[in-house]
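Content type mmCIF, C-alpha atoms, from the file work_22.cif:
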```cif
data_structure
#
loop_
_atom_site.label_atom_id
_atom_site.label_comp_id
_atom_site.auth_asym_id
_atom_site.auth_seq_id
_atom_site.Cartn_x
_atom_site.Cartn_y
_atom_site.Cartn_z
CA MET A 1 141.48 110.73 47.02
CA ASN A 2 138.00 109.87 45.79
CA LYS A 3 139.49 107.66 43.05
CA LEU A 4 141.62 105.85 45.65
CA ILE A 5 138.60 105.15 47.88
CA ALA A 6 136.64 103.90 44.88
CA ALA A 7 139.48 101.58 43.89
CA LEU A 8 139.79 100.19 47.41
CA THR A 9 136.04 99.67 47.60
CA LEU A 10 136.05 97.78 44.30
CA ALA A 11 138.98 95.61 45.39
CA LEU A 12 137.36 94.69 48.70
CA ALA A 13 133.86 94.14 47.32
CA PRO A 14 134.29 90.48 46.27
CA THR A 15 135.71 89.58 49.70
CA ALA A 16 132.88 91.32 51.49
CA ALA A 17 130.33 89.59 49.27
CA LEU A 18 131.87 86.20 49.94
CA ALA A 19 131.84 86.84 53.68
CA GLN A 20 128.21 87.90 53.53
CA ASP A 21 127.12 84.94 51.41
CA ALA A 22 129.07 82.30 53.34
CA ALA A 23 126.64 80.12 55.25
CA PRO A 24 127.47 79.17 58.83
CA GLU A 25 129.04 75.76 59.16
CA ALA A 26 126.47 73.08 59.87
CA PRO A 27 126.78 71.37 63.25
CA LYS A 28 128.85 68.18 63.15
CA TRP A 29 126.59 66.74 65.81
CA SER A 30 123.30 67.72 67.43
CA ILE A 31 121.00 66.43 70.15
CA ALA A 32 117.61 67.36 71.61
CA ILE A 33 115.84 65.89 74.64
CA HIS A 34 112.45 66.18 76.29
CA GLY A 35 111.01 65.24 79.65
CA GLY A 36 107.33 65.74 78.91
CA ALA A 37 104.92 68.50 77.93
CA GLY A 38 101.71 69.80 79.44
CA THR A 39 99.81 72.51 81.27
CA LEU A 40 102.68 74.07 83.16
CA ASP A 41 102.22 77.30 85.14
CA PRO A 42 105.41 79.25 85.93
CA LYS A 43 103.71 80.80 88.98
CA ALA A 44 102.92 77.36 90.40
CA MET A 45 106.50 76.11 90.18
CA THR A 46 108.82 76.98 93.04
CA PRO A 47 112.37 78.11 92.24
CA GLU A 48 113.64 74.99 93.98
CA LYS A 49 111.51 72.64 91.88
CA ARG A 50 112.41 74.47 88.70
CA ALA A 51 116.11 74.20 89.52
CA GLU A 52 115.67 70.49 90.22
CA TYR A 53 114.09 69.86 86.83
CA GLU A 54 116.62 71.99 84.98
CA ALA A 55 119.48 70.15 86.69
CA ALA A 56 117.99 66.77 85.73
CA LEU A 57 117.55 67.88 82.13
CA GLN A 58 121.14 69.17 82.07
CA VAL A 59 122.47 65.83 83.31
CA ALA A 60 120.64 64.00 80.53
CA LEU A 61 121.68 66.52 77.88
CA ASP A 62 125.32 66.44 78.97
CA ALA A 63 125.38 62.64 78.90
CA GLY A 64 124.15 62.51 75.31
CA ALA A 65 126.30 65.43 74.14
CA LYS A 66 129.42 63.82 75.61
CA VAL A 67 128.90 60.70 73.50
CA LEU A 68 128.51 62.75 70.33
CA ALA A 69 131.42 65.10 71.05
CA GLU A 70 133.70 62.09 71.51
CA GLY A 71 132.67 60.67 68.13
CA GLY A 72 130.11 58.18 69.44
CA SER A 73 127.01 57.07 67.59
CA ALA A 74 123.61 58.73 67.62
CA MET A 75 122.13 55.50 68.98
CA ASP A 76 124.49 55.49 71.96
CA ALA A 77 123.84 59.19 72.57
CA VAL A 78 120.07 58.66 72.65
CA LYS A 79 120.40 55.86 75.20
CA ALA A 80 122.89 57.84 77.28
CA ALA A 81 120.46 60.79 77.47
CA ILE A 82 117.34 58.74 78.24
CA ILE A 83 118.78 56.51 80.98
CA PRO A 84 119.31 59.33 83.54
CA MET A 85 115.71 60.44 83.00
CA GLU A 86 114.44 56.88 83.44
CA ASP A 87 116.45 56.73 86.68
CA SER A 88 114.98 60.01 88.00
CA PRO A 89 111.67 60.13 89.94
CA LEU A 90 110.96 63.51 88.32
CA PHE A 91 109.88 62.02 84.99
CA ASN A 92 107.15 59.59 83.99
CA ALA A 93 109.51 56.86 82.82
CA GLY A 94 111.33 54.11 84.68
CA LYS A 95 111.58 55.01 88.36
CA GLY A 96 109.05 57.87 88.20
CA ALA A 97 106.41 56.02 86.16
CA VAL A 98 102.75 56.65 86.93
CA PHE A 99 100.47 53.98 88.38
CA THR A 100 97.87 52.01 86.48
CA TRP A 101 94.33 51.67 87.84
CA GLU A 102 95.41 48.45 89.53
CA GLY A 103 98.32 50.15 91.28
CA THR A 104 101.18 48.80 89.16
CA ASN A 105 103.73 50.49 86.92
CA GLU A 106 103.68 49.46 83.25
CA LEU A 107 106.53 50.72 81.12
CA ASP A 108 106.75 51.38 77.38
CA ALA A 109 109.72 52.37 75.21
CA SER A 110 110.97 52.44 71.63
CA ILE A 111 114.15 53.26 69.75
CA MET A 112 115.03 53.60 66.06
CA ASP A 113 118.24 53.83 64.02
CA GLY A 114 118.07 56.20 61.05
CA ARG A 115 120.81 54.34 59.15
CA ASP A 116 118.75 51.27 58.31
CA ARG A 117 115.44 52.09 60.03
CA SER A 118 115.90 49.17 62.38
CA ALA A 119 113.68 49.58 65.43
CA GLY A 120 112.83 47.98 68.74
CA ALA A 121 109.94 48.54 71.14
CA ILE A 122 108.47 47.11 74.32
CA ALA A 123 105.11 47.72 76.00
CA GLY A 124 103.57 46.90 79.37
CA VAL A 125 106.69 45.64 81.14
CA LYS A 126 106.90 45.82 84.93
CA THR A 127 110.32 44.46 85.89
CA VAL A 128 112.86 46.28 83.70
CA LYS A 129 114.77 49.20 85.24
CA ASN A 130 115.69 50.84 81.94
CA PRO A 131 113.06 50.07 79.29
CA ILE A 132 115.01 51.93 76.57
CA LEU A 133 117.80 49.33 76.85
CA LEU A 134 115.33 46.46 76.46
CA ALA A 135 113.80 48.17 73.42
CA ASP A 136 117.25 48.40 71.86
CA THR A 137 117.91 44.73 72.66
CA VAL A 138 114.70 43.83 70.82
CA ARG A 139 116.09 45.81 67.87
CA THR A 140 119.54 44.18 67.90
CA GLN A 141 118.96 40.68 69.27
CA SER A 142 115.60 39.59 67.87
CA GLU A 143 113.87 39.43 64.52
CA HIS A 144 110.97 41.46 65.90
CA VAL A 145 110.17 45.13 66.37
CA MET A 146 107.76 45.08 69.34
CA LEU A 147 107.35 42.77 72.32
CA MET A 148 104.86 43.22 75.13
CA GLY A 149 104.03 42.23 78.68
CA ALA A 150 105.12 38.89 80.08
CA GLY A 151 106.70 37.89 76.78
CA ALA A 152 108.89 40.99 76.74
CA GLU A 153 109.91 40.29 80.35
CA ALA A 154 110.80 36.68 79.52
CA PHE A 155 112.90 37.95 76.61
CA ALA A 156 114.62 40.40 78.99
CA VAL A 157 115.59 37.63 81.41
CA GLU A 158 116.86 35.48 78.53
CA LYS A 159 119.07 38.38 77.43
CA GLY A 160 120.53 38.92 80.90
CA PHE A 161 118.42 41.77 82.27
CA ALA A 162 118.02 41.80 86.05
CA VAL A 163 114.47 41.48 87.37
CA THR A 164 113.69 44.79 89.06
CA PRO A 165 111.21 44.55 91.98
CA PRO A 166 107.95 46.56 91.71
CA GLU A 167 108.76 48.74 94.71
CA TYR A 168 111.69 50.29 92.82
CA PHE A 169 109.31 52.12 90.47
CA ALA A 170 106.80 53.29 93.11
CA THR A 171 107.06 56.92 94.21
CA PRO A 172 104.82 58.76 96.74
CA ALA A 173 103.87 61.50 94.27
CA ARG A 174 102.61 59.01 91.68
CA ALA A 175 100.73 57.00 94.32
CA GLU A 176 99.02 60.18 95.53
CA ALA A 177 98.00 61.03 91.96
CA LEU A 178 96.30 57.66 91.55
CA GLU A 179 94.51 57.99 94.90
CA ARG A 180 93.25 61.46 93.97
CA LEU A 181 92.11 60.27 90.54
CA LYS A 182 90.01 57.50 92.12
CA ALA A 183 88.70 59.51 95.07
CA GLU A 184 87.64 62.54 93.04
CA LYS A 185 86.70 60.60 89.90
CA LEU A 186 89.12 62.63 87.82
CA SER A 187 90.73 61.92 84.47
CA ALA A 188 94.42 61.29 84.02
CA LEU A 189 94.76 64.77 82.53
CA ASP A 190 93.34 66.32 85.71
CA VAL A 191 95.93 64.74 87.99
CA ASP A 192 98.98 64.65 85.71
CA HIS A 193 98.82 68.19 84.27
CA LYS A 194 101.71 67.14 82.06
CA PHE A 195 102.91 64.18 80.05
CA GLY A 196 106.22 63.16 81.63
CA THR A 197 107.32 60.91 78.80
CA VAL A 198 111.06 61.25 78.10
CA GLY A 199 112.88 61.12 74.79
CA ALA A 200 116.00 62.02 72.83
CA VAL A 201 116.97 62.51 69.19
CA ALA A 202 120.51 62.83 67.87
CA LEU A 203 122.73 63.40 64.84
CA ASP A 204 126.27 62.04 65.11
CA GLN A 205 129.51 63.05 63.37
CA ASN A 206 129.01 60.35 60.75
CA GLY A 207 125.70 61.89 59.71
CA ASN A 208 123.54 59.20 61.29
CA LEU A 209 120.27 59.89 63.12
CA ALA A 210 118.54 58.09 65.98
CA ALA A 211 115.48 58.57 68.19
CA GLY A 212 114.19 57.04 71.40
CA THR A 213 111.20 57.46 73.73
CA SER A 214 110.30 56.00 77.15
CA THR A 215 107.18 56.39 79.31
CA GLY A 216 105.00 55.06 82.08
CA GLY A 217 101.83 56.05 80.20
CA MET A 218 98.87 57.79 81.84
CA THR A 219 97.80 57.71 85.49
CA GLY A 220 95.01 55.22 86.07
CA LYS A 221 95.34 53.55 82.66
CA ARG A 222 93.37 50.29 82.34
CA TRP A 223 92.93 47.22 80.18
CA GLY A 224 96.53 47.16 79.00
CA ARG A 225 96.32 50.63 77.44
CA VAL A 226 99.31 51.54 75.27
CA GLY A 227 99.97 55.03 73.96
CA ASP A 228 102.18 56.37 71.18
CA ALA A 229 105.58 56.19 72.90
CA PRO A 230 106.40 52.56 71.97
CA VAL A 231 104.77 52.74 68.54
CA ILE A 232 107.22 53.27 65.70
CA GLY A 233 105.87 56.08 63.51
CA ALA A 234 103.71 57.62 66.23
CA GLY A 235 105.98 58.41 69.17
CA THR A 236 109.36 57.59 67.64
CA TYR A 237 110.87 57.65 64.16
CA ALA A 238 114.32 58.07 62.59
CA ASP A 239 115.39 58.12 58.95
CA ASN A 240 118.76 59.46 57.78
CA ARG A 241 117.01 60.88 54.72
CA ALA A 242 114.71 63.10 56.76
CA CYS A 243 114.93 63.46 60.54
CA ALA A 244 114.70 61.86 63.97
CA VAL A 245 111.60 62.54 66.10
CA SER A 246 110.47 61.77 69.65
CA ALA A 247 107.02 62.78 70.86
CA THR A 248 105.30 63.39 74.19
CA GLY A 249 101.62 64.03 74.69
CA TRP A 250 98.14 62.57 74.64
CA GLY A 251 99.07 59.32 72.97
CA GLU A 252 95.72 58.49 71.42
CA TYR A 253 95.93 61.57 69.20
CA PHE A 254 99.58 61.07 68.31
CA LEU A 255 98.67 57.54 67.21
CA ARG A 256 95.86 58.81 65.01
CA VAL A 257 98.07 61.37 63.29
CA GLY A 258 101.16 59.15 63.14
CA VAL A 259 103.07 62.20 64.34
CA ALA A 260 106.70 61.06 64.22
CA HIS A 261 106.50 59.48 60.77
CA GLU A 262 104.32 62.29 59.43
CA ILE A 263 106.97 64.89 60.29
CA CYS A 264 109.76 62.83 58.74
CA ALA A 265 107.71 62.08 55.63
CA ARG A 266 106.95 65.76 55.06
CA LEU A 267 110.62 66.70 55.51
CA ARG A 268 111.78 64.00 53.10
CA ALA A 269 109.18 65.10 50.54
CA THR A 270 110.39 68.68 50.83
CA ASN A 271 113.89 67.64 49.81
CA GLU A 272 112.64 65.34 47.06
CA VAL A 273 110.64 68.19 45.52
CA LYS A 274 113.75 70.37 45.46
CA VAL A 275 115.69 67.63 43.67
CA ALA A 276 112.84 66.95 41.24
CA LEU A 277 112.67 70.62 40.32
CA ALA A 278 116.42 70.60 39.71
CA ASP A 279 116.90 73.36 42.24
CA ASP A 280 120.50 72.35 42.89
CA ASP A 281 121.26 75.11 45.38
CA ALA A 282 118.18 74.36 47.45
CA ALA A 283 118.76 70.61 47.29
CA ASN A 284 122.37 70.99 48.38
CA ASP A 285 121.33 73.16 51.30
CA GLY A 286 118.88 70.51 52.49
CA VAL A 287 115.99 71.46 54.73
CA ARG A 288 116.31 74.90 56.30
CA THR A 289 115.56 75.53 59.97
CA GLU A 290 112.39 77.47 59.20
CA GLU A 291 111.13 74.68 56.91
CA ALA A 292 111.65 72.04 59.62
CA GLN A 293 109.98 74.28 62.20
CA TYR A 294 107.01 74.95 59.92
CA ILE A 295 106.46 71.24 59.28
CA ALA A 296 106.71 70.30 62.96
CA ASP A 297 104.33 73.10 63.92
CA ALA A 298 101.88 72.09 61.18
CA VAL A 299 101.74 68.49 62.37
CA MET A 300 101.28 69.58 65.97
CA ALA A 301 98.47 71.88 64.79
CA ASP A 302 96.84 68.83 63.22
CA VAL A 303 97.03 67.06 66.59
CA ALA A 304 95.44 70.09 68.24
CA SER A 305 92.64 70.20 65.65
CA LEU A 306 91.59 66.72 66.76
CA GLY A 307 91.67 67.70 70.42
CA GLY A 308 95.09 66.44 71.44
CA ASP A 309 98.08 68.21 72.94
CA GLY A 310 101.75 67.63 73.62
CA GLY A 311 105.00 68.23 71.80
CA VAL A 312 107.87 66.87 69.73
CA ILE A 313 111.61 67.20 69.43
CA LEU A 314 113.44 66.57 66.17
CA VAL A 315 116.90 66.74 64.65
CA THR A 316 117.53 66.97 60.90
CA PRO A 317 120.49 65.74 58.82
CA GLU A 318 121.59 69.37 58.63
CA GLY A 319 121.87 69.48 62.42
CA HIS A 320 118.79 71.60 63.17
CA ALA A 321 117.48 70.81 66.66
CA ILE A 322 113.78 71.76 66.73
CA PHE A 323 111.06 71.88 69.39
CA SER A 324 107.34 72.17 68.73
CA PHE A 325 104.57 71.96 71.34
CA ASN A 326 100.99 73.17 71.68
CA THR A 327 101.01 73.21 75.49
CA THR A 328 102.15 75.95 77.89
CA GLY A 329 105.44 74.19 78.42
CA MET A 330 107.70 71.25 77.66
CA TYR A 331 110.71 70.09 79.64
CA ARG A 332 113.40 70.19 77.00
CA GLY A 333 117.03 70.78 76.07
CA ARG A 334 119.34 70.84 73.07
CA ALA A 335 123.06 70.96 72.32
CA THR A 336 125.16 71.11 69.15
CA SER A 337 128.81 71.11 68.18
CA GLY A 338 128.22 74.70 67.11
CA GLY A 339 128.03 75.83 70.74
CA VAL A 340 124.32 75.64 71.53
CA ARG A 341 123.70 74.18 74.99
CA GLU A 342 120.44 75.06 76.73
CA VAL A 343 117.51 73.71 78.72
CA ALA A 344 114.05 75.22 79.11
CA ILE A 345 110.64 74.46 80.58
CA PHE A 346 108.07 77.07 79.57
CA GLY A 347 107.20 78.45 76.16
CA GLY A 348 109.55 80.92 74.47
CA GLU A 349 112.32 80.83 77.06
CA GLU A 350 115.15 78.87 75.46
CA LYS A 351 117.50 81.77 76.04
CA ALA A 352 116.04 82.82 79.38
CA SER A 353 116.79 79.51 81.08
CA ALA A 354 119.89 78.56 79.14
CA THR A 355 122.51 76.96 81.34
CA PRO A 356 126.25 77.13 80.84
CA ASP A 357 128.23 74.35 79.21
CA HIS A 358 129.72 72.18 81.93
#
```

What do you get writing this file as structure tokens?
Amino acid sequence: MNKLIAALTLALAPTAALAQDAAPEAPKWSIAIHGGAGTLDPKAMTPEKRAEYEAALQVALDAGAKVLAEGGSAMDAVKAAIIPMEDSPLFNAGKGAVFTWEGTNELDASIMDGRDRSAGAIAGVKTVKNPILLADTVRTQSEHVMLMGAGAEAFAVEKGFAVTPPEYFATPARAEALERLKAEKLSALDVDHKFGTVGAVALDQNGNLAAGTSTGGMTGKRWGRVGDAPVIGAGTYADNRACAVSATGWGEYFLRVGVAHEICARLRATNEVKVALADDDAANDGVRTEEAQYIADAVMADVASLGGDGGVILVTPEGHAIFSFNTTGMYRGRATSGGVREVAIFGGEEKASATPDH
């Protein structure tokens, strides 16, 4: 009997070893979204408000995931995810944009295609309902990367965009924030508590990456201030060789660190080192989840060391969907073809607030 058991064990051993060594199949597509990061207190958020934000995030996530699941491009998925957030008064982008010192809404956005690193960006526009679409039109229908202000609006009209009246963007909550900032001589950080910038990053079934970001900036901003969101390499970056990144936070610090490009550059260098050292197994595996997380966390730590805060989302060519933020919370979500589908708000609760696939 003992000899029979030993023989069976020996016969089954190779199969067991193969099963143990087999790596899980990489996602065919992946997407991550954010709706801003900041000083968020779970005790200060009512269940109703939390449900409202989670529902809005789910709508955006589902819109992008649907494009990818049906074989659509990463670029189309990014736009599909960002547009509902630009249309929602809950986020500081499009309809929910904060007010400048002068009482207007100035919108910034950028988008980048990881296939050829083509990019488009707009800054300081006041009459475009969905800034992310204008940014993409700059990318596809001009020889430029960034347009600003009145020139960007003239370009929009020339390309068939409707002129959206200023009152469309104005919301009572944002108006109250500006009034409080002026009356109490506060900073934008005191009245906003969070950075409501929205963004999305995606990997499609063809292995292409894309990233996009849209924002209204900071409450009470003056003198044509522009943050990181429309700046390629700071708030947005995509490169098929490395990753796609969208950032949200105190823009001045993200500009100084060059956050989005810095993360992608470190990830690309990690793979290049593996190839240079002829570590074929490691090179074939690409960047592991823990490596991508470490790099994102390290760059965000650099931002924090300078005094800035916020967060990033990124997707890698291997399909890893990563979050990193140095604030108490970040409105976020992610979905993959492997079955992940979740939204979250506060730190460390991806599973706690996961919502069903629908």

Per residue of stretch 103-206 of chain A within 8 Å of stretch 63-85 of chain A, what are the shortest atom pair and its distance in Å to one decimal, counting only C-alpha atoms, with rows by chain and residue number, as a tab-separated table?
```
residue	atom	partner	partner_atom	distance
A:Met112	CA	A:Met75	CA	7.9
A:Asp113	CA	A:Met75	CA	6.5
A:Asn130	CA	A:Ile83	CA	6.5
A:Ile132	CA	A:Lys79	CA	6.8
A:Leu133	CA	A:Lys79	CA	7.2
A:Val198	CA	A:Ile82	CA	6.8
A:Gly199	CA	A:Ile82	CA	6.1
A:Ala200	CA	A:Val78	CA	5.3
A:Val201	CA	A:Val78	CA	6.0
A:Ala202	CA	A:Ala74	CA	5.1
A:Leu203	CA	A:Ala74	CA	5.5
A:Asp204	CA	A:Ala74	CA	4.9
A:Gln205	CA	A:Gly71	CA	6.2
A:Asn206	CA	A:Ser73	CA	7.8
```

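Reported to one decimal place, the separation of atom CA of A:Ala32 from atom CA of A:Lys126 is 27.5 Å.
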
Q: Report as a ChimeraX atom specification the residues that result from applying the PyMOL selection byres ((chain A and resi 56) around 10) to the structure here.
A: /A:35,50-55,57-62,84-85,88,90-91,343

Q | Separation of atom CA of A:Gly151 from atom CA of A:Gly233 in Å | A |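 Result for atom CA of A:Gly233 versus atom CA of A:Gly151: 22.5 Å, one decimal.
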
Q: Go through the shown structure with the PyMOL selection byres ((chain A and resi 100-109) around 9) and write out the matching residues as a ChimeraX atom specification.
A: /A:93-94,97-99,110-111,120-128,131-135,148-149,166,169-170,175,178,182,212-224,226-227,229-231

Q: May I have the residues within 6 Å of stretch 257-266 of chain A as a VMD selection string, using only C-alpha atoms and disregarding those fewer than 4 positions away in the same chain?
A: chain A and resid 233 to 237 242 to 243 245

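Compared by their closest atoms to A:Arg256, and using only C-alpha atoms, the residues A:Lys28, A:Leu181, A:Asp228, A:Ala344 rank with A:Asp228 nearest.
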
Who sits within 8 Å of A:Arg115, all atoms listed in the file, same chain under 4 positions skipped, as a short mmCIF file (atom, residue, chain, number, x, y, z; two decimals) with C-alpha atoms, in the coordinates of the input:
```cif
data_model
loop_
_atom_site.label_atom_id
_atom_site.label_comp_id
_atom_site.auth_asym_id
_atom_site.auth_seq_id
_atom_site.Cartn_x
_atom_site.Cartn_y
_atom_site.Cartn_z
CA ASN A 208 123.54 59.20 61.29
CA LEU A 209 120.27 59.89 63.12
CA ASP A 239 115.39 58.12 58.95
CA ASN A 240 118.76 59.46 57.78
#
```

Q.
One number please: atom CA of A:Thr197 to atom CA of A:Phe346, in Å, one decimal.
A.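 One can read the atom CA of A:Thr197 to atom CA of A:Phe346 distance as 16.2 Å.
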
Q: Quick one: everything within 10 Å of A:Gly36, counting only C-alpha atoms, minus sequence neighbours fewer than 4 positions away in the same chain. Send it as a list in words.
A: Phe91, Asn92, Ala93, Lys194, Phe195, Gly196, Thr197, Val198, Gly199, Thr215, Ala247, Thr248, Gly249, Gly310, Gly311, Val312, Gly329, Met330, Tyr331, Arg332 and Ile345 of chain A
